[in-house]
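*Asks:* Okay, here's the structure, questions in a sec.
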Amino acid sequence: RGPDARGFLSDGGTRDRRLKAHAFGLRAETFAGIYLRCKGWRVLTTRYKVPGGEIDIIARRGDIVIFVEVKGRPTLDLAAETITAQKQRRISQSVRLWLSRNPWAMGKSLRGDALFIAPRAWPRHIADAFPLDLR
């Protein structure tokens, strides 16, 4: 195989696939943020990391704050299958920590949304895609 975009020789192995998948995921998150802004949402933060979890996008419109899981896959249906119960628990844990640092949001409507991205397809934004466990 020849050199990749960075000039490194590529063996076509697992590392290359992981790098490509990571890059695709970052592009999907960037596109999702643009999409939400176009729909009137104000993106508060992206890639909010805490020990044990991450929230891809936190956005607000009026009295609603959404915690968005972005999934980029080859098809929208494949993307929709990827938010597992374990992922929902991690997101809820991350939301609890975010709320402890942002008490102004406690009186707002809070939602767990999903935004699915696939090549050559319009994004699919699912409001209230999963419950948030905030206890």
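To be explicit about the labels: the chains of the structure tokens are called A, B, and onward in the order shown, and within each one the residues are counted from 1, while ligands get numbers from 1 in the order they are shown.
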When you look at stretch 118-132 of chain A with a cut-off of 12 Å (counting only C-alpha atoms), what residues show up, excluding the ones that are within fewer than 5 positions of it in the same chain? I need them as a PyMOL selection string.

*Replies:* chain A and resi 24-25+27-29+31-36+39+64-96+109-113

*Asks:* Okay, now the selection with C-alpha atoms, as a short mmCIF file (atom, residue, chain, number, x, y, z; two decimals), in the first residue's frame?

*Replies:*
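Dumped everything to result-v3.cif:
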```cif
data_model
loop_
_atom_site.label_atom_id
_atom_site.label_comp_id
_atom_site.auth_asym_id
_atom_site.auth_seq_id
_atom_site.Cartn_x
_atom_site.Cartn_y
_atom_site.Cartn_z
CA PHE A 24 -15.61 10.20 10.54
CA GLY A 25 -17.05 10.53 14.05
CA ARG A 27 -16.86 15.14 11.20
CA ALA A 28 -20.30 13.78 12.17
CA GLU A 29 -20.19 15.72 15.47
CA PHE A 31 -21.91 18.51 11.13
CA ALA A 32 -24.41 17.77 13.92
CA GLY A 33 -23.48 21.02 15.68
CA ILE A 34 -24.00 22.99 12.47
CA TYR A 35 -27.31 21.22 11.86
CA LEU A 36 -28.56 22.05 15.38
CA LYS A 39 -32.52 24.51 13.62
CA ILE A 64 -35.08 23.25 26.82
CA VAL A 65 -31.58 21.84 27.27
CA ILE A 66 -30.69 18.80 25.19
CA PHE A 67 -27.90 16.30 25.69
CA VAL A 68 -27.22 14.91 22.25
CA GLU A 69 -25.60 11.62 21.38
CA VAL A 70 -24.27 11.83 17.82
CA LYS A 71 -23.82 8.61 15.89
CA GLY A 72 -22.26 8.53 12.46
CA ARG A 73 -22.54 5.24 10.58
CA PRO A 74 -22.73 4.11 6.95
CA THR A 75 -26.55 4.20 7.16
CA LEU A 76 -29.04 5.97 9.42
CA ASP A 77 -30.55 2.64 10.49
CA LEU A 78 -27.14 1.35 11.64
CA ALA A 79 -26.60 4.58 13.55
CA ALA A 80 -29.98 4.22 15.29
CA GLU A 81 -29.02 0.79 16.66
CA THR A 82 -25.98 1.99 18.56
CA ILE A 83 -27.33 3.71 21.68
CA THR A 84 -27.28 0.87 24.18
CA ALA A 85 -28.58 0.82 27.75
CA GLN A 86 -24.97 1.05 28.97
CA LYS A 87 -24.40 4.14 26.80
CA GLN A 88 -27.60 5.71 28.20
CA ARG A 89 -26.35 5.12 31.77
CA ARG A 90 -23.00 6.76 30.96
CA ILE A 91 -24.73 9.75 29.39
CA SER A 92 -27.05 10.12 32.40
CA GLN A 93 -24.05 10.01 34.75
CA SER A 94 -22.34 12.70 32.66
CA VAL A 95 -25.52 14.82 32.66
CA ARG A 96 -25.70 14.62 36.47
CA SER A 109 -36.72 20.89 30.53
CA LEU A 110 -33.95 18.34 30.01
CA ARG A 111 -33.89 15.81 27.17
CA GLY A 112 -31.70 13.01 25.91
CA ASP A 113 -31.69 13.43 22.12
#
```

*Asks:* Please give the complete set of residues from stretch 23-69 of chain A that DSSP, run on the backbone, assigns to helix (DSSP H, G or I), formatted as a PyMOL selection string.

*Replies:* chain A and resi 23-38

*Asks:* What lies within 7 Å of A:Thr46 using only C-alpha atoms, ignoring chain neighbours under 3 positions off, as a PyMOL selection string?

*Replies:* chain A and resi 56-58

*Asks:* Go ahead and dump the residues you just picked, all heavy atoms, as a compact mmCIF listing (two decimals), in the first residue's frame.

*Replies:*
```txt
# COMPACT_ATOMS: atom_id res chain seq x y z
N ASP A 56 -21.75 14.28 23.64
CA ASP A 56 -21.26 14.81 22.37
C ASP A 56 -21.60 16.29 22.21
O ASP A 56 -20.74 17.09 21.87
CB ASP A 56 -21.82 14.01 21.19
CG ASP A 56 -21.30 12.58 21.18
OD1 ASP A 56 -20.16 12.36 21.64
OD2 ASP A 56 -22.03 11.69 20.71
N ILE A 57 -22.87 16.66 22.45
CA ILE A 57 -23.29 18.05 22.29
C ILE A 57 -24.31 18.37 23.38
O ILE A 57 -25.22 17.58 23.65
CB ILE A 57 -23.95 18.30 20.91
CG1 ILE A 57 -22.94 18.06 19.79
CG2 ILE A 57 -24.52 19.72 20.83
CD1 ILE A 57 -23.54 18.15 18.39
N ILE A 58 -24.15 19.55 23.98
CA ILE A 58 -25.16 20.08 24.90
C ILE A 58 -25.63 21.38 24.26
O ILE A 58 -24.82 22.24 23.91
CB ILE A 58 -24.59 20.34 26.30
CG1 ILE A 58 -23.99 19.05 26.88
CG2 ILE A 58 -25.68 20.90 27.22
CD1 ILE A 58 -23.22 19.23 28.17
```

*Asks:* If you run DSSP on the backbone here, which positions in stretch 47-128 of chain A get strand (DSSP E or B)? Please write them as a ChimeraX atom specification.

*Replies:* /A:47-50,53-61,64-72,109-117,124-128

*Asks:* Taking 5 positions as the minimum chain separation for residues in the same chain, which residues sit within 9 Å of A:Trp98 when counting only C-alpha atoms? Answer as a PyMOL selection string.

*Replies:* chain A and resi 48+50+93+103

*Asks:* Take atom CA of A:Thr45 and atom CA of A:Arg101 and report the distance between them in Å, one decimal.

*Replies:*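 Those two atoms sit 13.1 Å apart.
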
*Asks:* Report, in Å to a single decimal, how far apart atom CA of A:Leu26 and atom CA of A:Met106 are.

*Replies:*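 Atom CA of A:Leu26 lies 29.1 Å from atom CA of A:Met106.
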